[in-house]
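Dumped work-v6.tsv below, it's TSV, C-alpha atoms and all ligand atoms:
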chain	number	residue	atom	x	y	z
A	211	MET	CA	-34.95	5.05	-14.04
A	212	LEU	CA	-33.14	4.84	-10.71
A	213	PHE	CA	-32.80	1.05	-10.96
A	214	ASP	CA	-31.27	1.05	-14.44
A	215	PRO	CA	-28.08	-0.99	-13.96
A	216	ARG	CA	-26.02	0.96	-16.49
A	217	PRO	CA	-24.10	4.09	-15.51
A	218	LYS	CA	-26.50	7.03	-15.43
A	219	GLU	CA	-26.00	9.85	-17.89
A	220	LYS	CA	-28.40	12.52	-16.67
A	221	ARG	CA	-28.73	14.42	-13.44
A	222	GLU	CA	-32.41	13.51	-13.06
A	223	ASP	CA	-31.63	9.78	-13.02
A	224	ILE	CA	-29.19	10.18	-10.17
A	225	PHE	CA	-30.35	9.96	-6.59
A	226	ASP	CA	-29.16	12.38	-3.92
A	227	ARG	CA	-25.87	13.54	-5.38
A	228	GLU	CA	-26.69	17.21	-6.01
A	229	LYS	CA	-23.83	18.34	-3.82
A	230	GLU	CA	-21.31	16.05	-5.50
A	231	ILE	CA	-22.49	16.98	-8.98
A	232	ASP	CA	-22.15	20.68	-8.20
A	233	GLU	CA	-18.76	20.07	-6.67
A	234	ILE	CA	-17.53	18.24	-9.76
A	235	GLU	CA	-18.97	20.91	-12.02
A	236	SER	CA	-17.29	23.76	-10.21
A	237	ALA	CA	-14.03	21.84	-9.91
A	238	ILE	CA	-13.99	21.35	-13.67
A	239	ARG	CA	-14.71	25.02	-14.27
A	240	ASP	CA	-12.15	26.31	-11.80
A	241	TYR	CA	-9.28	23.83	-12.00
A	242	PRO	CA	-7.24	22.52	-14.92
A	243	ILE	CA	-7.19	19.05	-13.34
A	244	THR	CA	-9.95	17.35	-11.34
A	245	LEU	CA	-9.75	13.94	-9.72
A	246	ILE	CA	-12.93	12.01	-8.90
A	247	LEU	CA	-12.22	9.30	-6.38
A	248	GLY	CA	-14.27	6.54	-4.80
A	249	ILE	CA	-14.55	2.78	-4.64
A	250	ARG	CA	-15.99	0.70	-7.45
A	251	ARG	CA	-19.73	1.02	-8.09
A	252	VAL	CA	-20.11	4.09	-5.92
A	253	GLY	CA	-21.23	6.18	-8.88
A	254	LYS	CA	-18.17	7.97	-10.28
A	255	SER	CA	-18.87	7.28	-13.95
A	256	SER	CA	-22.52	8.23	-13.52
A	257	LEU	CA	-21.71	11.53	-11.86
A	258	LEU	CA	-19.02	12.35	-14.38
A	259	LYS	CA	-21.31	11.58	-17.31
A	260	ALA	CA	-24.13	13.61	-15.85
A	261	VAL	CA	-21.81	16.59	-15.44
A	262	LEU	CA	-20.36	16.27	-18.95
A	263	ASN	CA	-23.86	16.00	-20.31
A	264	GLU	CA	-24.58	19.45	-18.91
A	265	MET	CA	-21.41	21.02	-20.27
A	266	GLU	CA	-20.77	21.56	-23.96
A	267	GLY	CA	-17.28	20.36	-24.62
A	268	GLY	CA	-17.04	17.17	-22.59
A	269	ILE	CA	-15.02	14.38	-24.19
A	270	TYR	CA	-15.39	11.09	-22.29
A	271	ILE	CA	-12.96	8.19	-22.51
A	272	ASP	CA	-13.35	4.92	-20.65
A	273	VAL	CA	-9.73	3.93	-20.09
A	274	ARG	CA	-10.57	0.61	-18.46
A	275	LYS	CA	-12.42	-0.42	-21.60
A	276	LEU	CA	-9.53	0.82	-23.70
A	277	TYR	CA	-7.12	-1.27	-21.63
A	278	PHE	CA	-9.10	-4.49	-22.05
A	279	GLU	CA	-9.79	-3.91	-25.75
A	280	SER	CA	-6.14	-3.22	-26.40
A	281	GLY	CA	-5.08	-6.46	-24.73
A	282	GLY	CA	-3.17	-4.72	-21.96
A	283	TRP	CA	-1.09	-2.18	-23.84
A	284	ILE	CA	-2.74	1.04	-24.92
A	285	THR	CA	-1.08	2.47	-28.01
A	286	ASN	CA	-1.60	5.70	-29.87
A	287	VAL	CA	-3.86	3.82	-32.26
A	288	HIS	CA	-6.21	2.83	-29.43
A	289	LEU	CA	-6.23	6.29	-27.91
A	290	ALA	CA	-6.85	7.89	-31.31
A	291	LYS	CA	-9.80	5.54	-31.93
A	292	ALA	CA	-11.27	6.33	-28.55
A	293	LEU	CA	-10.94	10.08	-29.12
A	294	GLU	CA	-12.50	9.69	-32.55
A	295	GLU	CA	-15.46	7.86	-31.05
A	296	ALA	CA	-15.87	10.37	-28.24
A	297	ILE	CA	-15.74	13.36	-30.58
A	298	ASN	CA	-18.15	11.76	-33.04
A	299	SER	CA	-20.66	11.27	-30.26
A	300	LEU	CA	-20.57	14.88	-29.02
A	301	LYS	CA	-23.73	16.90	-29.12
A	302	GLU	CA	-24.59	19.45	-31.79
A	303	PRO	CA	-23.87	22.27	-32.42
A	304	PHE	CA	-20.57	21.91	-30.60
A	305	LYS	CA	-19.70	18.75	-32.49
A	306	ARG	CA	-20.02	20.36	-35.89
A	307	ILE	CA	-17.98	23.40	-34.89
A	308	LEU	CA	-15.27	21.28	-33.28
A	309	ILE	CA	-15.03	18.82	-36.14
A	310	SER	CA	-14.78	21.51	-38.79
A	311	SER	CA	-11.91	23.03	-36.84
A	312	LEU	CA	-9.97	19.77	-37.00
A	313	LYS	CA	-9.71	19.70	-40.79
A	314	SER	CA	-6.09	20.57	-41.36
A	315	ILE	CA	-4.47	18.48	-38.64
A	316	GLU	CA	-2.11	15.76	-39.77
A	317	GLY	CA	-3.60	12.33	-39.17
A	318	ILE	CA	-7.20	13.58	-39.03
A	319	SER	CA	-9.66	13.37	-41.88
A	320	VAL	CA	-13.06	15.01	-41.79
A	321	SER	CA	-16.06	14.03	-43.87
A	322	GLY	CA	-19.28	15.88	-43.19
A	323	VAL	CA	-19.86	15.70	-39.44
A	324	LYS	CA	-17.63	12.71	-38.87
A	325	VAL	CA	-14.00	12.71	-37.98
A	326	ARG	CA	-11.47	9.94	-38.48
A	327	PHE	CA	-8.15	9.69	-36.68
A	328	THR	CA	-5.17	7.69	-37.78
A	329	HIS	CA	-2.33	6.67	-35.51
A	330	ARG	CA	-0.31	9.51	-37.00
A	331	VAL	CA	-2.51	12.07	-35.30
A	332	SER	CA	-0.50	14.49	-33.24
A	333	LEU	CA	-2.20	14.69	-29.88
A	334	SER	CA	-0.61	18.00	-29.04
A	335	SER	CA	-1.87	19.59	-32.28
A	336	LEU	CA	-5.27	18.16	-31.46
A	337	LEU	CA	-5.19	19.70	-27.99
A	338	GLU	CA	-4.10	23.06	-29.41
A	339	ARG	CA	-7.05	23.02	-31.76
A	340	LEU	CA	-9.43	22.01	-29.00
A	341	ASN	CA	-8.15	24.91	-26.93
A	342	GLU	CA	-9.17	27.34	-29.68
A	343	GLN	CA	-12.78	26.14	-29.50
A	344	GLY	CA	-13.49	27.41	-26.01
A	345	GLU	CA	-13.76	25.25	-22.92
A	346	VAL	CA	-13.03	21.61	-23.63
A	347	ILE	CA	-12.92	18.88	-21.01
A	348	LEU	CA	-11.03	15.65	-21.53
A	349	ALA	CA	-12.36	13.11	-19.06
A	350	PHE	CA	-10.50	9.83	-18.53
A	351	ASP	CA	-12.57	7.35	-16.56
A	352	GLU	CA	-10.50	4.86	-14.49
A	353	ALA	CA	-7.39	6.76	-15.51
A	354	GLN	CA	-4.99	4.61	-13.50
A	355	TYR	CA	-5.03	2.24	-16.50
A	356	LEU	CA	-3.21	4.93	-18.47
A	357	LYS	CA	-0.03	3.66	-16.92
A	358	PHE	CA	-0.29	1.05	-19.67
A	359	TYR	CA	-0.19	3.75	-22.34
A	360	GLY	CA	2.57	4.14	-24.91
A	361	LYS	CA	6.21	3.23	-24.56
A	362	SER	CA	6.88	4.98	-21.31
A	363	GLY	CA	3.38	4.77	-19.89
A	364	ARG	CA	2.49	7.53	-17.55
A	365	LYS	CA	5.38	9.87	-18.46
A	366	GLU	CA	4.35	10.19	-22.08
A	367	PHE	CA	0.74	10.81	-21.24
A	368	LEU	CA	1.38	13.20	-18.40
A	369	ALA	CA	3.86	15.20	-20.45
A	370	MET	CA	0.93	15.96	-22.72
A	371	VAL	CA	-1.22	16.94	-19.75
A	372	ALA	CA	1.57	19.18	-18.44
A	373	TYR	CA	1.88	20.86	-21.83
A	374	ALA	CA	-1.85	21.54	-21.89
A	375	TYR	CA	-1.79	22.73	-18.29
A	376	ASP	CA	0.95	25.24	-19.03
A	377	ASN	CA	-0.15	26.46	-22.45
A	378	LEU	CA	-3.79	25.68	-23.15
A	379	PRO	CA	-6.04	27.42	-20.64
A	380	ASN	CA	-9.27	26.20	-22.21
A	381	VAL	CA	-8.44	22.51	-21.94
A	382	SER	CA	-9.10	20.84	-18.63
A	383	PHE	CA	-8.72	17.26	-17.52
A	384	VAL	CA	-10.77	14.96	-15.34
A	385	PHE	CA	-9.42	11.66	-14.05
A	386	THR	CA	-11.51	9.20	-12.12
A	387	GLY	CA	-10.20	6.21	-10.21
A	388	SER	CA	-11.62	3.32	-8.22
A	389	GLU	CA	-8.13	2.36	-7.18
A	390	VAL	CA	-7.61	5.57	-5.32
A	391	GLY	CA	-3.96	5.10	-4.34
A	392	LEU	CA	-3.06	3.96	-7.83
A	393	LEU	CA	-4.66	7.03	-9.35
A	394	HIS	CA	-2.71	9.23	-6.94
A	395	ASP	CA	0.48	7.40	-7.87
A	396	PHE	CA	-0.34	7.75	-11.54
A	397	VAL	CA	-0.99	11.47	-11.44
A	398	GLY	CA	1.81	12.07	-8.96
A	399	VAL	CA	1.29	15.78	-8.34
A	400	SER	CA	3.46	15.50	-5.25
A	401	ASP	CA	5.99	13.23	-6.88
A	402	TYR	CA	9.04	15.09	-8.14
A	403	ASP	CA	9.41	12.62	-10.98
A	404	SER	CA	5.97	13.28	-12.42
A	405	PRO	CA	5.64	15.63	-15.40
A	406	ILE	CA	2.77	17.34	-13.60
A	407	TYR	CA	4.56	17.64	-10.28
A	408	GLY	CA	3.37	20.63	-8.30
A	409	ARG	CA	0.42	21.49	-10.53
A	410	VAL	CA	-2.80	22.59	-8.89
A	411	TYR	CA	-5.71	20.20	-8.93
A	412	ARG	CA	-8.97	19.58	-7.16
A	413	GLU	CA	-10.13	16.30	-5.69
A	414	VAL	CA	-13.74	15.19	-5.22
A	415	THR	CA	-14.33	11.99	-3.26
A	416	ILE	CA	-17.60	10.11	-3.68
A	417	GLU	CA	-18.59	8.29	-0.50
A	418	PRO	CA	-21.05	5.38	-0.28
A	419	PHE	CA	-24.59	6.31	0.78
A	420	SER	CA	-25.33	6.46	4.50
A	421	ARG	CA	-27.76	3.86	5.83
A	422	GLU	CA	-30.58	6.42	5.80
A	423	THR	CA	-29.86	7.49	2.22
A	424	SER	CA	-29.59	3.86	1.09
A	425	ILE	CA	-33.03	3.15	2.52
A	426	SER	CA	-34.53	6.27	0.94
A	427	PHE	CA	-32.89	5.36	-2.35
A	428	LEU	CA	-34.46	1.91	-2.44
A	429	ARG	CA	-37.84	3.34	-1.44
A	430	ALA	CA	-37.66	5.97	-4.18
A	431	GLY	CA	-36.61	3.39	-6.77
A	432	PHE	CA	-39.47	1.02	-5.90
A	433	GLU	CA	-41.94	3.87	-5.87
A	434	GLU	CA	-40.76	4.99	-9.30
A	435	ALA	CA	-41.18	1.41	-10.57
A	436	GLY	CA	-44.63	1.17	-8.98
A	437	VAL	CA	-43.69	-1.85	-6.86
A	438	GLU	CA	-44.70	-2.18	-3.24
A	439	VAL	CA	-42.02	-3.53	-0.96
A	440	LYS	CA	-42.07	-4.17	2.77
A	441	GLU	CA	-40.03	-1.82	4.88
A	442	GLU	CA	-38.26	-4.76	6.59
A	443	GLU	CA	-37.10	-6.05	3.24
A	444	ILE	CA	-35.64	-2.69	2.32
A	445	LYS	CA	-33.80	-2.55	5.62
A	446	GLU	CA	-32.54	-6.07	5.32
A	447	ALA	CA	-31.26	-5.38	1.81
A	448	VAL	CA	-29.32	-2.38	3.10
A	449	ASP	CA	-27.94	-4.48	5.99
A	450	VAL	CA	-26.51	-6.96	3.53
A	451	LEU	CA	-25.51	-4.68	0.66
A	452	GLY	CA	-24.30	-1.59	2.49
A	453	GLY	CA	-24.33	1.86	0.91
A	454	ILE	CA	-22.78	1.22	-2.47
A	455	PRO	CA	-25.36	2.34	-5.04
A	456	GLY	CA	-24.22	-0.21	-7.62
A	457	TRP	CA	-25.36	-3.14	-5.46
A	458	LEU	CA	-28.56	-1.40	-4.38
A	459	VAL	CA	-29.45	-0.78	-8.01
A	460	GLU	CA	-28.86	-4.43	-8.93
A	461	PHE	CA	-31.05	-5.51	-6.06
A	462	GLY	CA	-33.86	-3.12	-7.00
A	463	TYR	CA	-33.62	-4.06	-10.65
A	464	HIS	CA	-34.04	-7.78	-9.92
A	465	TYR	CA	-36.72	-7.24	-7.31
A	466	VAL	CA	-38.80	-5.28	-9.79
A	467	LYS	CA	-38.38	-8.03	-12.39
A	468	LEU	CA	-38.83	-11.06	-10.13
A	469	GLY	CA	-41.09	-9.75	-7.38
A	470	SER	CA	-39.30	-11.66	-4.64
A	471	PHE	CA	-36.82	-10.49	-2.03
A	472	GLU	CA	-34.98	-13.83	-1.85
A	473	GLU	CA	-34.70	-14.17	-5.61
A	474	ALA	CA	-33.50	-10.59	-6.01
A	475	MET	CA	-30.92	-11.03	-3.28
A	476	ARG	CA	-29.74	-14.27	-4.82
A	477	MET	CA	-29.34	-12.56	-8.19
A	478	VAL	CA	-27.46	-9.56	-6.87
A	479	LEU	CA	-25.08	-11.77	-4.89
A	480	LYS	CA	-24.57	-14.02	-7.88
A	481	ARG	CA	-23.77	-11.07	-10.09
A	482	ALA	CA	-21.51	-9.60	-7.41
A	483	GLU	CA	-19.74	-12.92	-7.18
A	484	GLU	CA	-19.05	-12.93	-10.92
A	485	LEU	CA	-17.69	-9.40	-10.83
A	486	VAL	CA	-15.61	-9.86	-7.72
A	487	LYS	CA	-14.25	-13.25	-8.85
A	488	GLY	CA	-13.07	-11.57	-12.06
A	489	GLU	CA	-11.35	-8.87	-10.06
A	490	LEU	CA	-9.79	-11.48	-7.78
A	491	GLU	CA	-8.46	-13.35	-10.81
A	492	GLU	CA	-6.71	-10.16	-11.91
A	493	LEU	CA	-5.16	-9.89	-8.46
A	494	LYS	CA	-4.15	-13.52	-8.44
A	495	LYS	CA	-2.12	-12.92	-11.58
A	496	ARG	CA	0.02	-10.52	-9.59
A	497	SER	CA	0.34	-13.02	-6.76
A	498	PRO	CA	-1.98	-15.58	-5.14
A	499	ARG	CA	-0.95	-14.07	-1.83
A	500	TYR	CA	-3.11	-11.02	-2.45
A	501	VAL	CA	-6.15	-13.21	-2.39
A	502	LEU	CA	-4.95	-15.07	0.70
A	503	VAL	CA	-4.46	-11.78	2.55
A	504	LEU	CA	-7.98	-10.67	1.59
A	505	LYS	CA	-9.34	-14.02	2.69
A	506	ALA	CA	-7.64	-13.69	6.07
A	507	ILE	CA	-9.06	-10.22	6.62
A	508	SER	CA	-12.56	-11.22	5.54
A	509	LEU	CA	-12.51	-14.07	8.07
A	510	GLY	CA	-11.54	-11.74	10.88
A	511	PHE	CA	-7.78	-12.39	10.91
A	512	ASN	CA	-7.32	-8.70	10.48
A	513	ARG	CA	-4.24	-7.73	12.52
A	514	TRP	CA	-0.70	-7.91	11.16
A	515	LYS	CA	0.24	-10.97	13.20
A	516	SER	CA	-2.86	-12.98	12.42
A	517	ILE	CA	-2.77	-12.13	8.72
A	518	LYS	CA	0.82	-13.31	8.60
A	519	GLU	CA	0.03	-16.56	10.41
A	520	PHE	CA	-2.96	-17.21	8.17
A	521	VAL	CA	-0.96	-16.66	4.98
A	522	GLU	CA	2.09	-18.61	6.16
A	523	ALA	CA	-0.03	-21.61	7.15
A	524	ARG	CA	-1.22	-21.79	3.55
A	525	SER	CA	1.62	-20.67	1.36
A	526	GLY	CA	4.83	-20.83	3.33
A	527	ARG	CA	7.00	-18.16	4.86
A	528	ILE	CA	6.37	-14.57	3.86
A	529	PRO	CA	8.92	-11.88	4.71
A	530	ASN	CA	7.57	-8.86	6.60
A	531	SER	CA	8.57	-6.51	3.82
A	532	ARG	CA	6.55	-8.57	1.34
A	533	LEU	CA	3.45	-8.64	3.52
A	534	ALA	CA	3.78	-4.90	4.09
A	535	SER	CA	3.88	-4.23	0.38
A	536	ILE	CA	0.88	-6.49	-0.27
A	537	LEU	CA	-1.14	-4.63	2.37
A	538	GLU	CA	-0.04	-1.30	0.97
A	539	ASN	CA	-0.98	-2.30	-2.57
A	540	LEU	CA	-4.36	-3.63	-1.48
A	541	GLN	CA	-4.93	-0.29	0.21
A	542	ASN	CA	-3.87	1.59	-2.93
A	543	MET	CA	-6.30	-0.49	-4.94
A	544	SER	CA	-9.07	0.37	-2.46
A	545	TRP	CA	-9.77	-3.20	-1.40
A	546	ILE	CA	-8.96	-2.55	2.24
A	547	ARG	CA	-8.34	0.25	4.68
A	548	PRO	CA	-6.68	0.32	8.08
A	549	VAL	CA	-8.80	1.03	11.15
A	550	PHE	CA	-7.64	1.53	14.72
A	551	GLU	CA	-9.46	-0.44	17.36
A	552	ASP	CA	-8.29	-0.65	20.99
A	553	ASN	CA	-5.08	1.10	19.99
A	554	GLU	CA	-4.37	-1.60	17.49
A	555	LYS	CA	-4.19	-1.43	13.72
A	556	ARG	CA	-6.61	-3.71	11.96
A	557	TYR	CA	-7.58	-3.98	8.33
A	558	LYS	CA	-11.08	-3.88	6.98
A	559	ILE	CA	-12.51	-4.75	3.58
A	560	LEU	CA	-14.15	-1.62	2.23
A	561	ASP	CA	-17.16	-3.14	0.51
A	562	PRO	CA	-19.36	-5.47	2.63
A	563	VAL	CA	-20.53	-7.37	-0.44
A	564	VAL	CA	-16.95	-8.02	-1.49
A	565	GLU	CA	-16.16	-9.13	2.05
A	566	ARG	CA	-19.02	-11.58	2.01
A	567	ILE	CA	-17.94	-13.10	-1.28
A	568	ILE	CA	-14.29	-13.46	-0.30
A	569	LYS	CA	-15.28	-15.08	2.97
A	570	GLU	CA	-17.09	-17.94	1.25
A	601	LIG	P1	-18.42	3.65	-10.61
A	601	LIG	O1	-18.08	4.37	-11.87
A	601	LIG	O2	-18.03	4.41	-9.39
A	601	LIG	O3	-17.92	2.25	-10.57
A	601	LIG	P2	-21.14	3.70	-11.67
A	601	LIG	O4	-21.37	5.11	-12.01
A	601	LIG	O5	-20.85	2.76	-12.77
A	601	LIG	O6	-20.01	3.55	-10.52
A	601	LIG	O7	-22.40	3.20	-10.83
A	601	LIG	C1	-22.61	1.84	-10.51
A	601	LIG	C2	-24.08	1.54	-10.64
A	601	LIG	O8	-24.80	2.25	-9.65
A	601	LIG	C3	-24.72	1.94	-11.97
A	601	LIG	O9	-25.72	1.02	-12.26
A	601	LIG	C4	-25.36	3.27	-11.69
A	601	LIG	O10	-26.49	3.43	-12.50
A	601	LIG	C5	-25.76	3.13	-10.23
A	601	LIG	N1	-25.69	4.38	-9.45
A	601	LIG	C6	-24.60	4.90	-8.86
A	601	LIG	N2	-24.89	6.01	-8.19
A	601	LIG	C7	-26.21	6.22	-8.34
A	601	LIG	C8	-27.12	7.22	-7.88
A	601	LIG	N3	-26.72	8.23	-7.10
A	601	LIG	N4	-28.43	7.10	-8.23
A	601	LIG	C9	-28.84	6.09	-9.01
A	601	LIG	N5	-28.03	5.12	-9.48
A	601	LIG	C10	-26.73	5.18	-9.15
A	602	MG	MG	-16.96	3.69	-13.47
Produce structure tokens that represent the structure in this file.
Amino acid sequence: MLFDPRPKEKREDIFDREKEIDEIESAIRDYPITLILGIRRVGKSSLLKAVLNEMEGGIYIDVRKLYFESGGWITNVHLAKALEEAINSLKEPFKRILISSLKSIEGISVSGVKVRFTHRVSLSSLLERLNEQGEVILAFDEAQYLKFYGKSGRKEFLAMVAYAYDNLPNVSFVFTGSEVGLLHDFVGVSDYDSPIYGRVYREVTIEPFSRETSISFLRAGFEEAGVEVKEEEIKEAVDVLGGIPGWLVEFGYHYVKLGSFEEAMRMVLKRAEELVKGELEELKKRSPRYVLVLKAISLGFNRWKSIKEFVEARSGRIPNSRLASILENLQNMSWIRPVFEDNEKRYKILDPVVERIIKE
């Protein structure tokens, strides 16, 4: 079902991403490390899951979920539990073969076709064993949250990745990230300080749908659901929601259920508001100024000088260095991007739905 609002898990449920799916698949086969980048709700998890579903040894871990469940600090216990869950939900016959190979590792107990990890599990022994089973992929969705792992965060985790990279040719890694700059910072392949400095990796960026594709997507979804919808309504929906599949899916889902354009639009914007407000709350915890800067940009105060004036009128003086770092962080988190108009740098909010909500 195209309009199913959960992440898709199979290629046939995914609209128009053949090229991206093939790209991810060949990246995983050919490179020890693959990054999948793209803004929230563009389809990264869906594409990753569809690819893993077609490969045998794909182990999927949702790091964002891990982060929230762990209360903000991911320990070995949390990671072990997540790996246990992922391995127990692998497909047969690979699962059985893999699990029986894990028997003699410290901190792992096997009963029948189920495996149980304790916090004492040695991740490097686990990786070594995985390597002996043929191609195994460890996929970490929203991997930038791994900076909250262990005592030294990223270093500890990446040291393990570096070890696998250097010694375990059958183990490959996939990292996805909505906060593109943060994922780059986390992985740090061009950062001398990073344990995986200089390693070879491949990057696949998932772009929003074009206007044409967005329209075809909605048409295809309505046709599949057997619901007739006026062409103008489809176009208007795309005008408001842009090309981010996540919003288009929500719209289609509600339209099919409620049978009314206005109601469906109201629902999708309400849901978007809930999601975006939650994300803004997270930002606000870092500093309320992040939200003020976004507000300024959404209202069209999008050049350096006007952003500064807008923020200062509401929260007092802000040093240039501070504003620069806020803009840089917002860019790293994929909220905004710089554009050049009339030889002048302006900032733009990436997602039109987010822009609309912040503006209110
Ligand atoms: P991300 O991981 O990038 O945040 P998801 O994979 O969770 O995005 O996708 C967001 C929503 O959009 C989900 O409901 C998913 O089913 C839907 N979706 C994304 N891309 C497509 C696509 N190409 N075809 C159909 N549905 C899609
Ligand atoms: Mg995702």
Using all atoms listed in the file: which of A:Ser470, A:Thr415, A:Asn341, A:Asn298 has the shortest distance to Val323 of chain A: A:Asn298
Would you give me, as CSV, each residue of chain A having an atom within 8 Å of an atom of ligand MG 602 (chain A), along with its shortest atom pair and that distance in Å to one decimal, using all atoms listed in the file and sorting by chain and residue number?
residue,atom,partner,partner_atom,distance
A:Pro217,CA,A:MG602,MG,7.4
A:Arg250,CA,A:MG602,MG,6.8
A:Arg251,CA,A:MG602,MG,6.6
A:Gly253,CA,A:MG602,MG,6.7
A:Lys254,CA,A:MG602,MG,5.5
A:Ser255,CA,A:MG602,MG,4.1
A:Ser256,CA,A:MG602,MG,7.2
A:Asp351,CA,A:MG602,MG,6.5
A:Glu352,CA,A:MG602,MG,6.6
A:Thr386,CA,A:MG602,MG,7.9
A:Gly387,CA,A:MG602,MG,7.9
A:Ser388,CA,A:MG602,MG,7.5
Please, which residues have at least one atom within 7 Å of an atom of ligand LIG 601 (chain A), using only C-alpha atoms and all ligand atoms, listed as a ChimeraX atom specification? /A:212-218,223-227,248-257,388,455-457,459
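Taking atom CA of Arg481 of chain A and atom CA of Phe385 of chain A as the two end points, the separation is 27.2 Å.
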Non-local contacts of Leu560 of chain A (10 Å; only C-alpha atoms; under 2 positions in same chain excluded) as a list in words: Ile249, Gln541, Ser544, Trp545, Ile546, Arg547, Pro548, Tyr557, Lys558, Pro562, Val563, Val564 and Glu565 of chain A
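Atom to atom, atom CA of Gly408 of chain A and atom CA of Met543 of chain A stand 23.5 Å apart.
Atom CA of Val397 of chain A is positioned 22.9 Å from atom CA of Glu489 of chain A.
When only C-alpha atoms are used to compute distances to Ile507 of chain A, the closest of the residues A:Ile568, A:Ala447, A:Met477, A:Leu458 turns out to be A:Ile568.
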With only C-alpha atoms as the counted atoms, please give the residues lying no more than 12 Å from Leu333 of chain A, apart from itself and same-chain residues fewer than 6 positions off, as number ranges by chain. A: 286-287, 289-290, 293-294, 312, 315-318, 327, 339-340, 366-367, 369-371, 373-374
Box for segment 356-367 of chain A: with edges along x, y and z, all listed atoms inside and 6 Å added on each side, what are the centre and edge lengths in Å to one decimal, as lines of an AutoDock Vina configuration file?
center_x = 1.8
center_y = 5.9
center_z = -20.9
size_x = 22.1
size_y = 21.8
size_z = 20.0
Quick one: residues within 12 Å of Pro242 of chain A, only C-alpha atoms, excluding same-chain residues fewer than 3 positions away - as a PDB file with C-alpha atoms, keeping the file's coordinate frame?
ATOM      1  CA  SER A 236     -17.290  23.760 -10.210  1.00  0.00           C
ATOM      2  CA  ALA A 237     -14.030  21.840  -9.910  1.00  0.00           C
ATOM      3  CA  ILE A 238     -13.990  21.350 -13.670  1.00  0.00           C
ATOM      4  CA  ARG A 239     -14.710  25.020 -14.270  1.00  0.00           C
ATOM      5  CA  LEU A 245      -9.750  13.940  -9.720  1.00  0.00           C
ATOM      6  CA  GLU A 345     -13.760  25.250 -22.920  1.00  0.00           C
ATOM      7  CA  VAL A 346     -13.030  21.610 -23.630  1.00  0.00           C
ATOM      8  CA  ILE A 347     -12.920  18.880 -21.010  1.00  0.00           C
ATOM      9  CA  LEU A 348     -11.030  15.650 -21.530  1.00  0.00           C
ATOM     10  CA  ALA A 349     -12.360  13.110 -19.060  1.00  0.00           C
ATOM     11  CA  VAL A 371      -1.220  16.940 -19.750  1.00  0.00           C
ATOM     12  CA  ALA A 372       1.570  19.180 -18.440  1.00  0.00           C
ATOM     13  CA  TYR A 373       1.880  20.860 -21.830  1.00  0.00           C
ATOM     14  CA  ALA A 374      -1.850  21.540 -21.890  1.00  0.00           C
ATOM     15  CA  TYR A 375      -1.790  22.730 -18.290  1.00  0.00           C
ATOM     16  CA  ASP A 376       0.950  25.240 -19.030  1.00  0.00           C
ATOM     17  CA  ASN A 377      -0.150  26.460 -22.450  1.00  0.00           C
ATOM     18  CA  LEU A 378      -3.790  25.680 -23.150  1.00  0.00           C
ATOM     19  CA  PRO A 379      -6.040  27.420 -20.640  1.00  0.00           C
ATOM     20  CA  ASN A 380      -9.270  26.200 -22.210  1.00  0.00           C
ATOM     21  CA  VAL A 381      -8.440  22.510 -21.940  1.00  0.00           C
ATOM     22  CA  SER A 382      -9.100  20.840 -18.630  1.00  0.00           C
ATOM     23  CA  PHE A 383      -8.720  17.260 -17.520  1.00  0.00           C
ATOM     24  CA  VAL A 384     -10.770  14.960 -15.340  1.00  0.00           C
ATOM     25  CA  PHE A 385      -9.420  11.660 -14.050  1.00  0.00           C
ATOM     26  CA  ILE A 406       2.770  17.340 -13.600  1.00  0.00           C
ATOM     27  CA  ARG A 409       0.420  21.490 -10.530  1.00  0.00           C
ATOM     28  CA  VAL A 410      -2.800  22.590  -8.890  1.00  0.00           C
ATOM     29  CA  TYR A 411      -5.710  20.200  -8.930  1.00  0.00           C
ATOM     30  CA  ARG A 412      -8.970  19.580  -7.160  1.00  0.00           C
ATOM     31  CA  GLU A 413     -10.130  16.300  -5.690  1.00  0.00           C
TER      32      GLU A 413
END
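Between Gln354 of chain A and the residues A:Arg330, A:Lys487, A:Arg274, A:Arg513, the shortest atom-to-atom distance, using only C-alpha atoms, involves A:Arg274.
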Measuring atom to atom with only C-alpha atoms, identify which of A:Asp403, A:Glu338, A:Asp449, A:Glu519 is nearest to Ile425 of chain A. A:Asp449
If we count only C-alpha atoms, what is near segment 533-537 of chain A at a cut-off of 12 Å, once residues fewer than 3 positions away on the same chain are taken out, given as a count of residues only? 41
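Closest approach to Ala430 of chain A among A:Gly462, A:Pro405, A:Glu230, A:Glu417: A:Gly462, based on all atoms listed in the file.
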Nearest-residue call for Ser310 of chain A, choices A:Ser335, A:Glu554, A:Ile284, A:Gln343, using all atoms listed in the file: A:Gln343
If you count only C-alpha atoms, which residues fall within 10 Å of Tyr355 of chain A, apart from same-chain ones fewer than 2 positions away, as a list in words? Asp272, Val273, Arg274, Lys275, Leu276, Tyr277, Phe278, Gly282, Trp283, Ile284, Phe350, Asp351, Glu352, Ala353, Lys357, Phe358, Tyr359, Gly363, Arg364, Gly387, Glu389, Leu392, Leu393 and Phe396 of chain A
